[in-house]
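S.K.: Mind looking over this structure? Questions follow.
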Amino acid sequence: MRKVAIAGIGFTKVGEPWERNIKDLFAEAALAAMKDAAHTEVDQLYVANMMGAHLQGQLGMGAIMAEAIGKPGISAARIEAGQASGGVAFNEGVKAVASGLNDWVLVGGVEKMSDLLPEAVTTALVGTEEQEYTSYTGVTKTGLSAILHRLYSREYGATPEEIGWFAVRSHDNAVGVAHAQYSFKLSIERVMTSPMEADPIRMMECAAVADGAAAVLLGPAEKIATGIEVAASTVATDYTSLASRRHPLTLEAVKKAANGAYEAAKVKPKDVDVLEVTDDTTIDGVLSLEDLGFVEKGKGAKFVAQGHTARTGEIPTNNFGGLKARGNPVGATGLYQIVETVIQLRGKAGANQITGAEVGMAQSMASVGSTCSIAILRRV
Amino acid sequence: MSVPRYWREEKPRYRLIGEECAKCGAKHYPRTPVCSCGSTEFKPYKLAETGKVESWTVIRNAPLGYERFTPYVVALIELDDGVRVMSQVVDVEPEAVKSGMKVEYTFRKVTEDGQAGLIQYGFKFRPIVD
Amino acid sequence: MNKLKTLIRVGIVGYGAYVPMYRLKAAEVNRMWSTSGEPVEEKAVVALDEDTITISVECARQAVRRSGVDPANIGAVYVGTESKPYAVKPSGTIVAEVIGATPSVSTADYEFACKAGTEAMQTCIGLVGSGMQKYAMGIGADTAQGKPGDALEYTAACGGAAYLFGPAEESVAELEASYSYVTDTPDFWRRSKEMYPRHGNRFTGDPAYFKHITGAGKALLAETGYKPTDFKWAIFHQPNAKFPINVAKMLGFGMDQINPGLVSPVVGNTYAGSSPLGLAATLDVAESGDRILMVSYGSGAGSDAFVWKVRPPIKHRRSGPKVKNYIERKRYVDYATYLRHRGQIIV
């Protein structure tokens with residue numbers, strides 16, 4: 001297997017760009033990645049997208065986006081793994097290069113959620129759950145997180161405030177971030193007085209509807225002089241329904257993907273300098289931190305509330321705002337996490353820079369953990 | 001909304017029928033092609049109709065087709081036979097739901113395909129009536 | 001007159017009833033329209049996710065459970081209602097599928113205003129009594145319509161009851177006789193595709209309700225030779241709190257006899273569910289040997305009358321919630337919530 005490196009990155013500002021369509025967004029990020037890499041040859045294109053089939057009615061997105069970036073004719077396909085689409089597409093790209101089958105693989109993620117009304121987006125978001133039995137109950141993605149939130153509080157005695165701090169920490173890191181959807185500070189009071197979204201989860205604990213695109217150009221490490229190396233890329237799945245999981249508070253897919261990645265990269269959680277986790281809701285972030293091994297099970301919320309995930313803390317997490325503040329254009333989110341990790345490892349994060357960052361980790365998760373992808377990147 | 005998709009799942013949703021692995025005895029709801037033990041042989045299994053609420057949420061922003069019912073409670077329920085199901089809990093104020101609350105099967109409308117389309121029914125749970 | 005009896009002795013082998021938990025007080029209707037009527041105290045209102053079919057299922061499941069009959073042996077499921085969720089597509093197929101009676105089963109929906117339920121019951125009696133089926137289920141259930149502001153708004157209610165008929169020797173109550181009395185009397189109707197019924201106001205009284213119930217009741221008493229004193233209990237269709245009391249008097253029955261089954265003051269008029277629900281409430285308290293007279297009324301117009309004789313198994317076949325428990329399980333809704341529950345607010 002060949003070593004794989006990231007030659008270039010590109011991304012758009014997360015927000016609601018009303019004038020621009022999915023092709024516009026995708027092309028901006030993809031062209032930027034090629035420009036960043038100073039390399040325009042692409043053997044394979046992977047398009048990460050979750051809900052374009054619902055929201056834009058767009059299928060065959062591989063060919064659509066190959067054309068959009070001026071490369072009709074190349075091998076291209078869409079990768080869909082729910083909210084983990086970006087991370088899973090990255091993994092496919094890494095495998096293509098590592099195997100020697102392709103040299104240059106462009107992996108781009110795009111989502112444009114603002115094209116339809118919230119109830120349509122809510123419907124699409126719960127689309128990764130088993131439709132005939134889980135979605136049939138009328139539950140939402142946030143509702144599933146809320147069921148875990150309540151179990152977590154009861155099991156470990158965490159207060160809603162402690163869990164709510166995850167949103168505050170993410171917003172702290174988005175201040176001054178040009179590409180973030182919400183670059184304002186958020187107080188714990190504002191989190192805890194915001195309206196209920198799916199009890200006990202409040203509106204300000206949830207990522208919002210967002211549009212955006214992010215892309216990386218992957219290639220063989222030996223052909224990239226100043227690359228960031230992919231030390232590990234893993235994907236794991238779990239029983240999709242919470243009802244089928246023995247211990248719903250343990251995200252087995254996260255544990256499994258993380259353990260595989262630590263082993264492949266020969267690192268431990270303490271070696272990770274910068275971390276991006278899935279905080280679609282606050283409790284998703286807390287459970288992820290625990291199952292990634294950064295804090296003992298049941299202590300994640302306190303860990304966050306006490307500041308250990310802040311930029312000055314033990315494990316700087318979601319350093320550009322995470323899903324909550326940078327934004328969560330679902331299919332693209334996994335690639336934003338990777339792009340942001342690269343920025344840190346390159347030492348180009350400006351005010352958000354974690355000094356001396358050498359190893360970074362990005363965790364992308366579908367729904368409440370049915371799929372999880374992990375990437376560990378290393379500065380070489 | 002798909003008529004065959006609704007029709008196909010009528011019996012499990014109407015009668016709370018899952019399946020039991022012929023080899024290891026594991027109970028599944030909904031049915032699954034392969035058991036965790038690897039077996040593909042199952043027999044129908046009638047689930048218990050009473051259980052208790054393990055955890056729950058209140059849906060205030062609903063998916064399409066469910067907007068008319070908000071706010072409504074969706075819970076993770078442990079049935080008396082140990083099988084877990086996800087279900088709405090009705091006939092209760094969201095504020096009155098408690099962890100460990102005893103609930104029982106009830107038959108309700110789940111969603112409707114507008115004024116003219118199919119009405120979809122299925123089980124929900126409610127506090128025990130006695 | 002025909003014999004009013006079956007070839008094979010028939011009885012109720014299981015029964016079930018259901019009243020939804022929401023209530024609208026007459027006072028709330030009065031607050032809305034600045035009126036002062038009180039034909040009933042309050043009425044039962046469905047939840048957002050209930051309809052005639054879900055009510056029928058509640059009743060049917062309870063009836064099957066109490067009977068101990070294997071549902072696969074139920075040869076007919078008939079639902080009488082004037083609130084069909086589907087104009088075309090039987091409610092009974094869904095009920096039969098849920099209780100597990102499919103596919104060896106006859107199913108149909110009956111319509112005869114407020115006596116559709118007893119019509120379904122009588123058909124089942126015929127099926128079992130002729131030997132064509134061993135077990136047959138008749139259900140009366142409704143989510144009755146009342147136009148906002150109309151007098152019916154006080155009373156048009158939701159609820160029902162189901163009766164599983166089978167061999168008399170297995171039954172909790174044996175049928176002694178049944179008789180129907182029908183004329184063309186247009187006191188109340190709902191045209192196709194109309195949301196709300198129309199009615200003839202005071203014309204619904206003497207020439208309609210009273211004439212048909214007394215007509216059916218008197219004929220059945222005459223034919224069977226029973227006097228009012230031969231009955232422990234009686235149930236007359238209950239469109240409001242007053243009519244059943246008055247008609248009882250006209251037929252020579254007293255309050256003591258009709259009290260257990262008189263649920264309209266606190267449930268309202270459950271239309272096709274009305275007299276079946278009254279019978280269920282009566283069976284909830286009846287004892288072996290009690291004789292019961294039941295006379296329904298359906299606009300259009302007609303009455304079905306039945307004489308039941310309660311049998312010993314009654315003691316063991318009424319477990320689970322009784323009508324009283326459902327009546328006591330209640331939550332009041334305001335007028336706006338009522339409209340929402342009845343689908344009268346377009347969302």
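Each chain of the structure tokens is named A, B, ... in the order shown, its residues numbered from 1; ligands are numbered from 1 in display order.
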Would you kindly return, as a list of chain:residue names, each protein, DNA or RNA residue with an atom no farther than 10 Å from any atom of Ala108 (chain C), considering only C-alpha atoms and excluding same-chain residues fewer than 6 positions away?

M.R.: C:Ala76, C:Val77, C:Tyr78, C:Val79, C:Gly80, C:Lys89, C:Pro90, C:Ser91, C:Gly92, C:Thr93, C:Ala120, C:Gly138

S.K.: What's around Pro33 (chain B) at 12 Å? Count only C-alpha atoms, leave out sequence neighbours fewer than 5 positions away in its own chain, and write the answer as a list of chain:residue names.

M.R.: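 After dropping sequence-adjacent residues, the list is B:Gly18, B:Glu19, B:Glu20, B:Cys21, B:His28, B:Gly38, B:Ser39, B:Thr40, B:Glu41, B:Phe42, B:Lys43.
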
S.K.: With only C-alpha atoms considered, list every residue of chain A at most 8 Å from chain B, as a PyMOL selection string.

M.R.: chain A and resi 119-120+122-123+132-134+136-140+143-144+146-148+150-151+196-200+242-244

S.K.: Hey, can you check how far CA of Ile9 (chain A) sits from CA of Ala37 (chain A)?

M.R.: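 Value for the CA of Ile9 (chain A)-CA of Ala37 (chain A) distance: 7.3 Å.
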
S.K.: Report as a Markdown table the residues of chain B within 9 Å of chain C, each with its shortest atom pair and distance in Å (one decimal), using only C-alpha atoms, ordered by chain and increasing residue number.

M.R.:
| residue | atom | partner | partner_atom | distance |
| --- | --- | --- | --- | --- |
| B:Glu10 | CA | C:Glu97 | CA | 8.2 |
| B:Lys11 | CA | C:Val98 | CA | 7.2 |
| B:Arg13 | CA | C:Val98 | CA | 8.8 |
| B:Tyr14 | CA | C:Val98 | CA | 5.1 |
| B:Arg15 | CA | C:Val98 | CA | 5.7 |
| B:Glu67 | CA | C:Val347 | CA | 8.3 |
| B:Arg68 | CA | C:Val347 | CA | 6.5 |
| B:Phe69 | CA | C:Leu48 | CA | 6.5 |
| B:Val90 | CA | C:Ala47 | CA | 8.5 |
| B:Asp91 | CA | C:Met21 | CA | 7.2 |
| B:Thr106 | CA | C:Glu58 | CA | 7.2 |
| B:Phe107 | CA | C:Thr54 | CA | 5.7 |
| B:Arg108 | CA | C:Thr54 | CA | 5.5 |
| B:Lys109 | CA | C:Asp49 | CA | 4.8 |
| B:Val110 | CA | C:Asp49 | CA | 6.8 |
| B:Thr111 | CA | C:Asp49 | CA | 8.3 |
| B:Leu118 | CA | C:Tyr86 | CA | 8.9 |
| B:Ile119 | CA | C:Pro85 | CA | 8.3 |
| B:Tyr121 | CA | C:Thr54 | CA | 8.3 |
| B:Val129 | CA | C:Pro321 | CA | 6.3 |
| B:Asp130 | CA | C:Pro321 | CA | 4.9 |

S.K.: For CA of Tyr46 (chain A) and CA of Ala98 (chain A), quote the distance in Å rounded to one decimal.

M.R.: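 Separating CA of Tyr46 (chain A) from CA of Ala98 (chain A) is a distance of 15.2 Å.
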
S.K.: Run DSSP on the backbone of this structure and report the residues of region 101-222 of chain C it assigns to helix (DSSP H, G or I), as number ranges by chain.

M.R.: C: 116-129, 151-154, 168-170, 201-222

S.K.: Can you tell me, as a list in words, what residues are no more than 7 Å from Val182 (chain C) when counting only C-alpha atoms, ignoring any on the same chain fewer than 4 positions away?

M.R.: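 Here the qualifying residues turn out to be Ala301, Gly302 and Ser303 of chain C.
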
S.K.: Output C-alpha atoms for every residue in that selection, as a compact mmCIF listing (two decimals), in the first residue's frame.

M.R.:
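Done, and the output landed in part_13.txt:
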# COMPACT_ATOMS: atom_id res chain seq x y z
CA ALA C 301 -85.28 5.98 10.33
CA GLY C 302 -85.44 2.79 12.31
CA SER C 303 -84.80 0.88 15.51

S.K.: Residues at most 9 Å from Phe112 (chain C), counting only C-alpha atoms, excluding those fewer than 5 positions away in the same chain, as a list of chain:residue names?

M.R.: C:Gly80, C:Thr81, C:Glu82, C:Gly117, C:Glu119, C:Ala272, C:Gly298, C:Ser299, C:Gly300, C:Ala301, C:Gly302

S.K.: Pick out the closest residue to Met1 (chain A) from this set: A:Asn259, A:Ser99, A:Thr333, A:Thr142. Count only C-alpha atoms.

M.R.: A:Ser99

S.K.: Would you work out the distance separating CA of Thr35 (chain C) from CA of Val266 (chain C), expressed in Å to one decimal?

M.R.: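 So the answer is 19.4 Å.
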
S.K.: Among region 25-170 of chain A, which ones does DSSP assign to strand (DSSP E or B) (computed from the backbone)? Answer as a ChimeraX atom specification.

M.R.: /A:44-48,75-79,81,83,105-112

S.K.: Smallest atom-to-atom distance to Cys114 (chain C): which of C:Tyr163, C:Tyr181, C:Tyr332, C:Tyr297, using only C-alpha atoms?

M.R.: C:Tyr297

S.K.: For Met113 (chain A), work out the shell of residues within 6 Å, counting only C-alpha atoms and skipping chain neighbours fewer than 5 positions away, then give it as a list of chain:residue names.

M.R.: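 The contact residues come out as A:Val209, A:Ala210, A:Asp211.
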
S.K.: Using only C-alpha atoms, please write the residues we just selected to a file, as a CSV table (one decimal), in the first residue's frame.

M.R.:
chain,number,residue,atom,x,y,z
A,209,VAL,CA,-29.5,24.3,7.9
A,210,ALA,CA,-26.4,25.2,5.9
A,211,ASP,CA,-25.0,25.2,2.4

S.K.: Would you mind listing what lies within 8 Å of Ala362 (chain A) as JSON, numbers by chain, with only C-alpha atoms counted and same-chain residues fewer than 6 positions away left out?

M.R.: {"A": [275, 276, 277, 334, 337, 338, 341, 374, 375, 376]}
